[in-house]
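Student: I'd like to ask you about the structure that follows.
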Amino acid sequence: MHRQQKRWITIGLLFLLLAVVIVSAGIGAMSIRPLQVLAILLDPLGIHLGVPYDEGMASVLLYIRLPRVVLAILVGSGLAISGVAMQGLFRNPLADPGLIGISAGASLCAVLVIVLLSSLPMLRFEALLPRYYLLNILTFIGACATSLLVFRLARSGGKTMLTTMLLAGLALNALCRALTDLVTYLANDQELRNATFWSMGSLGGATWNLVLTLLPFIMIPVLLLPGLAKSLNAFALGEREAAYLGINVKRLKTLIIVLATLSVGACVAVAGIIGFVGLIVPHMVRGLSGNDHRSLLLNSSLLGASLLSLADVCSRTVIAPAELPIGIVTAVLGTPVFIALLLKQKKQLRTVVS
């Protein structure tokens with residue numbers, strides 16, 4: 001595919017994201033038309049479209065809808081670009097950030113916090129640290145601790161063994177899930193309900209403060225990972241071949257693991273477990289722009305942001321006024337897409353063989 005075509009695909013995905021932001025911000029209990037959304041957003045910049053709206057619409061959009069839309073963009077972008085990086089690192093299209101235990105470690109810490117804070121009042125530090133932020137911080141620490149342990153187990157003779165890392169990740173995944181099940185088994189009904197709802201994923205707690213807190217953890221990987229695109233292209237040929245081409249393989253592996261953990265750990269901490277985004281989006285983008293990581297990373301980030309924003313719209317409107325956990329929405333929408341992609345690849349393989 002020519003560079004010009006890839007550029008147009010990127011521009012198209014950027015316009016798709018802008019359209020999704022405008023439409024999704026207007027959908028809800030109080031309907032706000034797209035032109036009204038634009039008018040409310042552009043008025044503070046001195047650009048007046050002449051479209052009437054009342055102060056109630058502006059308040060709902062700026063303080064309730066927009067933080068949630070921005071949070072969806074950050075989480076979707078972070079999960080998708082981390083998925084591309086991990087698939088490139090393992091040279092396996094089925095690799096996912098959860099594969100090395102990041103999500104499982106975060107989930108274990110979150111369930112522990114939910115249960116212990118309800119059972120042991122002496123652990124509540126409400127005056128010093130709000131409960132919500134305590135959950136986010138400890139969940140992020142759990143994600144980092146798990147990935148660091150996997151990374152440490154995979155180190156041998158100054159090198160990182162990817163096969164060992166994969167197996168260590170599977171083992172820690174199983175251990176963390178078993179411990180999570182044990183904690184939920186011991187929890188009372190209310191604790192079990194809270195832990196179960198968190199594990200299904202939600203963007204319902206979005207505020208501007210939360211968005212600003214999450215921003216550096218997502219934007220650093222989103223900005224730095226595209227800079228590793230050429231190295232990932234060389235790494236796709238094999239570790240030895242990448243080293244021959246002058247790539248510092250050890251540094252590349254460390255950077256990708258650290259950046260993916262930073263992004264996914266922060267996403268899980270604020271939004272719970274949201275599956276399929278990091279797995280499905282890279283496959284969809286490969287079908288559009290090919291396997292070149294120079295376009296794959298950026299385009300996956302844009303498409304992941306758009307798809308999670310649309311999933312969030314489904315989450316808050318399908319059974320309104322109640323809210324459907326967004327993890328359920330991504331699973332229901334992602335599974336058929338993934339199966340369709342597998343069938344398409346199977347058909348292409350048969351064509352090549354015949």
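In the structure tokens, the first chain shown is A, the next is B, and so on; residue numbers restart at 1 for each chain, and ligands run from 1 in the order shown.
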Tell me, counting only C-alpha atoms, for each residue of range 2-25 of chain A within 8 Å of range 295-312 of chain A, which pair of atoms is nearest and how far apart they are in Å to one decimal, in rows ordered by chain and increasing number, as a tab-separated table.
Tutor:
residue	atom	partner	partner_atom	distance
A:Lys6	CA	A:Ser295	CA	6.9
A:Ile9	CA	A:Asn299	CA	7.9
A:Thr10	CA	A:Asn299	CA	5.9
A:Leu13	CA	A:Leu302	CA	6.2
A:Leu14	CA	A:Leu302	CA	6.4
A:Leu16	CA	A:Ser306	CA	7.1
A:Leu17	CA	A:Ser306	CA	5.0
A:Val20	CA	A:Ser306	CA	6.2
A:Val21	CA	A:Ser309	CA	7.4
A:Ser24	CA	A:Leu310	CA	6.9
Student: Could you write those residues out with C-alpha atoms, as a compact mmCIF listing (two decimals), in the first residue's frame?
Tutor:
# COMPACT_ATOMS: atom_id res chain seq x y z
CA LYS A 6 -1.99 5.12 4.39
CA ILE A 9 -6.66 6.15 6.04
CA THR A 10 -5.17 7.97 9.02
CA LEU A 13 -9.85 7.59 11.13
CA LEU A 14 -9.17 11.01 12.62
CA LEU A 16 -14.25 9.26 12.35
CA LEU A 17 -13.02 9.97 15.88
CA VAL A 20 -17.90 9.95 17.19
CA VAL A 21 -16.97 12.52 19.85
CA SER A 24 -21.65 10.45 21.48
Student: Interatomic distance between CA of Ala187 in chain A and CA of Leu170 in chain A?
Tutor: 25.8 Å
Student: Please measure the separation of CA of Gly78 in chain A and CA of Leu210 in chain A, giving the value in Å to one decimal.
Tutor: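 Pair CA of Gly78 in chain A / CA of Leu210 in chain A returns 15.4 Å.
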Student: Near Ala195 in chain A, counting only C-alpha atoms, which residues have an atom at most 10 Å away, once you skip same-chain residues fewer than 3 positions from it, shown as a PyMOL selection string?
Tutor: chain A and resi 107-108+110-115+180+183-184+187+189-192+198-200+272
Student: Output all heavy atoms for every residue in the selection just made, as a compact mmCIF listing (two decimals), in the first residue's frame.
Tutor:
# COMPACT_ATOMS: atom_id res chain seq x y z
N SER A 107 -6.67 -6.65 38.67
CA SER A 107 -7.97 -7.11 39.14
C SER A 107 -7.89 -7.64 40.57
O SER A 107 -8.76 -7.37 41.40
CB SER A 107 -8.50 -8.19 38.20
OG SER A 107 -9.75 -8.64 38.62
N LEU A 108 -6.83 -8.39 40.87
CA LEU A 108 -6.66 -8.94 42.22
C LEU A 108 -6.57 -7.81 43.25
O LEU A 108 -7.22 -7.85 44.30
CB LEU A 108 -5.40 -9.82 42.27
CG LEU A 108 -5.00 -10.33 43.65
CD1 LEU A 108 -6.11 -11.17 44.27
CD2 LEU A 108 -3.70 -11.12 43.58
N ALA A 110 -7.63 -4.74 42.98
CA ALA A 110 -8.90 -4.00 43.06
C ALA A 110 -9.91 -4.74 43.93
O ALA A 110 -10.58 -4.13 44.78
CB ALA A 110 -9.46 -3.79 41.65
N VAL A 111 -10.02 -6.05 43.74
CA VAL A 111 -10.97 -6.83 44.54
C VAL A 111 -10.56 -6.83 46.01
O VAL A 111 -11.40 -6.72 46.91
CB VAL A 111 -11.05 -8.27 43.98
CG1 VAL A 111 -11.87 -9.15 44.90
CG2 VAL A 111 -11.69 -8.25 42.59
N LEU A 112 -9.25 -6.92 46.27
CA LEU A 112 -8.77 -6.86 47.66
C LEU A 112 -9.15 -5.53 48.31
O LEU A 112 -9.61 -5.50 49.46
CB LEU A 112 -7.24 -7.02 47.68
CG LEU A 112 -6.72 -8.46 47.68
CD1 LEU A 112 -5.20 -8.47 47.51
CD2 LEU A 112 -7.11 -9.19 48.96
N VAL A 113 -8.95 -4.43 47.56
CA VAL A 113 -9.28 -3.11 48.11
C VAL A 113 -10.78 -3.02 48.39
O VAL A 113 -11.20 -2.56 49.47
CB VAL A 113 -8.87 -2.01 47.11
CG1 VAL A 113 -9.41 -0.65 47.55
CG2 VAL A 113 -7.35 -1.94 47.01
N ILE A 114 -11.60 -3.47 47.45
CA ILE A 114 -13.06 -3.39 47.62
C ILE A 114 -13.51 -4.17 48.84
O ILE A 114 -14.31 -3.69 49.66
CB ILE A 114 -13.76 -3.91 46.35
CG1 ILE A 114 -13.53 -2.92 45.19
CG2 ILE A 114 -15.25 -4.09 46.58
CD1 ILE A 114 -13.96 -3.46 43.84
N VAL A 115 -12.99 -5.38 49.01
CA VAL A 115 -13.41 -6.23 50.12
C VAL A 115 -12.84 -5.74 51.45
O VAL A 115 -13.56 -5.63 52.45
CB VAL A 115 -13.00 -7.69 49.85
CG1 VAL A 115 -13.26 -8.56 51.08
CG2 VAL A 115 -13.74 -8.23 48.65
N THR A 180 -8.19 -14.05 43.24
CA THR A 180 -9.36 -13.18 43.09
C THR A 180 -10.65 -13.94 43.39
O THR A 180 -11.54 -13.45 44.10
CB THR A 180 -9.42 -12.59 41.67
OG1 THR A 180 -8.20 -11.90 41.40
CG2 THR A 180 -10.59 -11.63 41.52
N VAL A 183 -10.94 -14.45 47.17
CA VAL A 183 -11.37 -13.24 47.88
C VAL A 183 -12.86 -13.01 47.68
O VAL A 183 -13.59 -12.70 48.63
CB VAL A 183 -10.56 -12.02 47.41
CG1 VAL A 183 -11.10 -10.73 48.04
CG2 VAL A 183 -9.08 -12.19 47.76
N THR A 184 -13.32 -13.17 46.45
CA THR A 184 -14.76 -12.95 46.19
C THR A 184 -15.62 -14.03 46.87
O THR A 184 -16.74 -13.77 47.28
CB THR A 184 -15.06 -12.95 44.68
OG1 THR A 184 -14.51 -14.12 44.09
CG2 THR A 184 -14.46 -11.74 44.02
N ALA A 187 -16.16 -12.89 50.33
CA ALA A 187 -16.81 -11.59 50.48
C ALA A 187 -18.30 -11.74 50.79
O ALA A 187 -18.91 -12.78 50.51
CB ALA A 187 -16.64 -10.79 49.18
N ASP A 189 -22.36 -10.20 50.43
CA ASP A 189 -23.15 -9.95 49.22
C ASP A 189 -22.83 -8.59 48.60
O ASP A 189 -22.68 -8.46 47.38
CB ASP A 189 -24.65 -10.03 49.54
CG ASP A 189 -25.08 -11.46 49.81
OD1 ASP A 189 -24.28 -12.37 49.46
OD2 ASP A 189 -26.16 -11.66 50.35
N GLN A 190 -22.74 -7.53 49.45
CA GLN A 190 -22.48 -6.20 48.93
C GLN A 190 -21.08 -6.10 48.33
O GLN A 190 -20.87 -5.52 47.25
CB GLN A 190 -22.64 -5.16 50.05
CG GLN A 190 -22.48 -3.72 49.58
CD GLN A 190 -23.48 -3.34 48.49
OE1 GLN A 190 -24.66 -3.70 48.57
NE2 GLN A 190 -23.02 -2.64 47.46
N GLU A 191 -20.08 -6.69 49.03
CA GLU A 191 -18.71 -6.67 48.52
C GLU A 191 -18.61 -7.43 47.20
O GLU A 191 -17.93 -7.01 46.26
CB GLU A 191 -17.76 -7.28 49.55
CG GLU A 191 -17.63 -6.47 50.83
CD GLU A 191 -17.09 -7.29 51.98
OE1 GLU A 191 -16.88 -8.51 51.79
OE2 GLU A 191 -16.86 -6.71 53.05
N LEU A 192 -19.32 -8.56 47.15
CA LEU A 192 -19.30 -9.38 45.93
C LEU A 192 -19.92 -8.60 44.76
O LEU A 192 -19.40 -8.62 43.64
CB LEU A 192 -20.07 -10.67 46.17
CG LEU A 192 -20.17 -11.64 44.98
CD1 LEU A 192 -18.79 -12.10 44.55
CD2 LEU A 192 -21.04 -12.84 45.33
N TRP A 198 -17.23 -3.92 39.23
CA TRP A 198 -15.96 -3.30 38.81
C TRP A 198 -15.28 -4.14 37.74
O TRP A 198 -14.74 -3.62 36.76
CB TRP A 198 -15.03 -3.15 40.02
CG TRP A 198 -13.71 -2.58 39.64
CD1 TRP A 198 -13.37 -1.26 39.56
CD2 TRP A 198 -12.56 -3.32 39.22
NE1 TRP A 198 -12.08 -1.12 39.12
CE2 TRP A 198 -11.56 -2.37 38.90
CE3 TRP A 198 -12.27 -4.66 39.07
CZ2 TRP A 198 -10.29 -2.74 38.45
CZ3 TRP A 198 -11.01 -5.04 38.62
CH2 TRP A 198 -10.04 -4.08 38.32
N SER A 199 -15.30 -5.49 37.94
CA SER A 199 -14.58 -6.36 37.00
C SER A 199 -15.20 -6.35 35.61
O SER A 199 -14.56 -6.72 34.64
CB SER A 199 -14.54 -7.79 37.54
OG SER A 199 -15.84 -8.34 37.57
N MET A 200 -16.47 -5.93 35.50
CA MET A 200 -17.12 -5.88 34.19
C MET A 200 -16.78 -4.61 33.41
O MET A 200 -17.10 -4.50 32.23
CB MET A 200 -18.65 -5.95 34.35
CG MET A 200 -19.15 -7.29 34.85
SD MET A 200 -20.93 -7.26 35.06
CE MET A 200 -21.22 -8.90 35.72
N GLY A 272 -11.75 -0.62 35.03
CA GLY A 272 -11.99 -2.05 35.21
C GLY A 272 -11.49 -2.87 34.03
O GLY A 272 -10.71 -2.39 33.21
Student: Taking only residues of range 188-258 of chain A that have an atom at most 9 Å from an atom of range 142-166 of chain A, what is each one's shortest atom pair and its distance in Å to one decimal, using only C-alpha atoms, in chain and number order, as JSON lines?
Tutor:
{"residue": "A:Lys250", "atom": "CA", "partner": "A:Lys159", "partner_atom": "CA", "distance": 6.6}
{"residue": "A:Lys253", "atom": "CA", "partner": "A:Thr160", "partner_atom": "CA", "distance": 7.6}
{"residue": "A:Thr254", "atom": "CA", "partner": "A:Thr160", "partner_atom": "CA", "distance": 8.5}
{"residue": "A:Ile257", "atom": "CA", "partner": "A:Ser147", "partner_atom": "CA", "distance": 7.8}
{"residue": "A:Val258", "atom": "CA", "partner": "A:Ser147", "partner_atom": "CA", "distance": 8.4}
Student: May I have all residues of range 8-246 of chain A that DSSP, computed from the backbone, assigns to strand (DSSP E or B), given as a VMD selection string?
Tutor: chain A and resid 155 to 156 159 to 160
Student: Filtering to N, CA, C and O atoms, could you give me those residues as a short mmCIF file (atom, residue, chain, number, x, y, z; two decimals), in the first residue's frame?
Tutor:
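For reference, again_28.cif as written:
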data_model
loop_
_atom_site.label_atom_id
_atom_site.label_comp_id
_atom_site.auth_asym_id
_atom_site.auth_seq_id
_atom_site.Cartn_x
_atom_site.Cartn_y
_atom_site.Cartn_z
N ARG A 155 14.04 -12.97 32.68
CA ARG A 155 15.42 -12.54 32.46
C ARG A 155 16.39 -13.69 32.75
O ARG A 155 16.28 -14.39 33.75
N SER A 156 17.30 -13.91 31.85
CA SER A 156 18.31 -14.95 32.03
C SER A 156 19.57 -14.56 31.27
O SER A 156 19.52 -14.31 30.06
N LYS A 159 19.43 -11.40 29.24
CA LYS A 159 18.49 -11.37 28.12
C LYS A 159 17.07 -11.66 28.61
O LYS A 159 16.87 -12.31 29.63
N THR A 160 16.10 -11.16 27.88
CA THR A 160 14.69 -11.43 28.17
C THR A 160 14.17 -12.49 27.23
O THR A 160 14.15 -12.29 26.01
#
Student: Can you work out which one of A:Ser231, A:Ser103, A:Thr213, A:Gln345 has the shortest atom-to-atom distance to Arg177 in chain A, counting only C-alpha atoms?
Tutor: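 Once distances to Arg177 in chain A are computed over only C-alpha atoms, the minimum belongs to A:Ser103.
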Student: Return as CSV the residues of range 204-240 of chain A lying at most 7 Å from range 81-92 of chain A, together with the closest atom-to-atom pair for each and the distance in Å to one decimal, counting only C-alpha atoms, with rows in chain order and ascending residue number.
Tutor:
residue,atom,partner,partner_atom,distance
A:Val222,CA,A:Ile81,CA,6.8
A:Leu232,CA,A:Gly88,CA,6.1
A:Ala236,CA,A:Arg91,CA,6.1
Student: Produce a file of the selected residues containing C-alpha atoms, as a PDB file, in the first residue's frame.
Tutor:
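After the write, part-v5.pdb holds the following:
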ATOM      1  CA  VAL A 222       0.654   6.830  23.025  1.00  0.00           C
ATOM      2  CA  LEU A 232       9.120  -3.257  15.689  1.00  0.00           C
ATOM      3  CA  ALA A 236       9.095  -8.839  13.061  1.00  0.00           C
TER       4      ALA A 236
END
Student: Taking only range 16-76 of chain A into account, list the residues labelled alpha helix (DSSP H) by DSSP (computed from the backbone), as an MDAnalysis selection string.
Tutor: chainID A and resid 16:26 34:42 55:60 66:76
Student: Grab the CA of Val313 in chain A to CA of Thr261 in chain A distance for me, in Å with one decimal place.
Tutor: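 So the two atoms, CA of Val313 in chain A and CA of Thr261 in chain A, lie 26.9 Å apart.
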Student: Which residues are near Tyr53 in chain A? Cut-off 10 Å, only C-alpha atoms, ignore same chain within fewer than 6 positions. Put them as a PyMOL selection string.
Tutor: chain A and resi 32-33+35-37+39-40
Student: Would you write out those residues with all heavy atoms, as a short mmCIF file (atom, residue, chain, number, x, y, z; two decimals), in the first residue's frame?
Tutor:
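Result went into selection-v6.cif, see below:
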data_model
loop_
_atom_site.label_atom_id
_atom_site.label_comp_id
_atom_site.auth_asym_id
_atom_site.auth_seq_id
_atom_site.Cartn_x
_atom_site.Cartn_y
_atom_site.Cartn_z
N ILE A 32 -28.70 16.39 22.88
CA ILE A 32 -28.06 17.62 22.40
C ILE A 32 -27.64 17.38 20.95
O ILE A 32 -26.87 16.46 20.66
CB ILE A 32 -26.83 17.97 23.25
CG1 ILE A 32 -27.19 18.03 24.74
CG2 ILE A 32 -26.22 19.30 22.81
CD1 ILE A 32 -26.01 18.24 25.66
N ARG A 33 -28.16 18.20 20.03
CA ARG A 33 -27.87 18.00 18.62
C ARG A 33 -26.40 18.28 18.31
O ARG A 33 -25.76 19.08 19.00
CB ARG A 33 -28.77 18.90 17.76
CG ARG A 33 -30.24 18.47 17.77
CD ARG A 33 -31.10 19.32 16.85
NE ARG A 33 -31.31 20.65 17.38
CZ ARG A 33 -30.83 21.75 16.83
NH1 ARG A 33 -30.09 21.67 15.72
NH2 ARG A 33 -31.07 22.93 17.35
N LEU A 35 -24.87 20.11 16.14
CA LEU A 35 -24.54 21.52 15.96
C LEU A 35 -24.52 22.25 17.30
O LEU A 35 -23.71 23.17 17.52
CB LEU A 35 -25.54 22.19 15.02
CG LEU A 35 -25.31 21.92 13.52
CD1 LEU A 35 -26.39 22.59 12.69
CD2 LEU A 35 -23.93 22.42 13.08
N GLN A 36 -25.41 21.84 18.21
CA GLN A 36 -25.39 22.44 19.54
C GLN A 36 -24.13 22.04 20.30
O GLN A 36 -23.55 22.85 21.03
CB GLN A 36 -26.64 22.01 20.32
CG GLN A 36 -27.92 22.64 19.80
CD GLN A 36 -29.16 22.12 20.50
OE1 GLN A 36 -29.26 20.91 20.76
NE2 GLN A 36 -30.09 23.00 20.80
N VAL A 37 -23.70 20.77 20.13
CA VAL A 37 -22.45 20.33 20.76
C VAL A 37 -21.29 21.19 20.27
O VAL A 37 -20.47 21.69 21.07
CB VAL A 37 -22.18 18.85 20.44
CG1 VAL A 37 -20.78 18.44 20.92
CG2 VAL A 37 -23.23 17.95 21.08
N ALA A 39 -21.46 24.20 18.97
CA ALA A 39 -21.62 25.58 19.43
C ALA A 39 -21.15 25.74 20.87
O ALA A 39 -20.45 26.70 21.21
CB ALA A 39 -23.09 26.00 19.30
N ILE A 40 -21.49 24.75 21.71
CA ILE A 40 -21.08 24.83 23.12
C ILE A 40 -19.56 24.73 23.25
O ILE A 40 -18.94 25.42 24.06
CB ILE A 40 -21.77 23.69 23.92
CG1 ILE A 40 -23.29 23.92 23.96
CG2 ILE A 40 -21.21 23.62 25.34
CD1 ILE A 40 -24.07 22.75 24.52
#
Student: Using only C-alpha atoms, can you tell me which of A:Ala266, A:Leu288, A:Ala331, A:Leu279 comes closest to Gln5 in chain A?
Tutor: A:Leu288
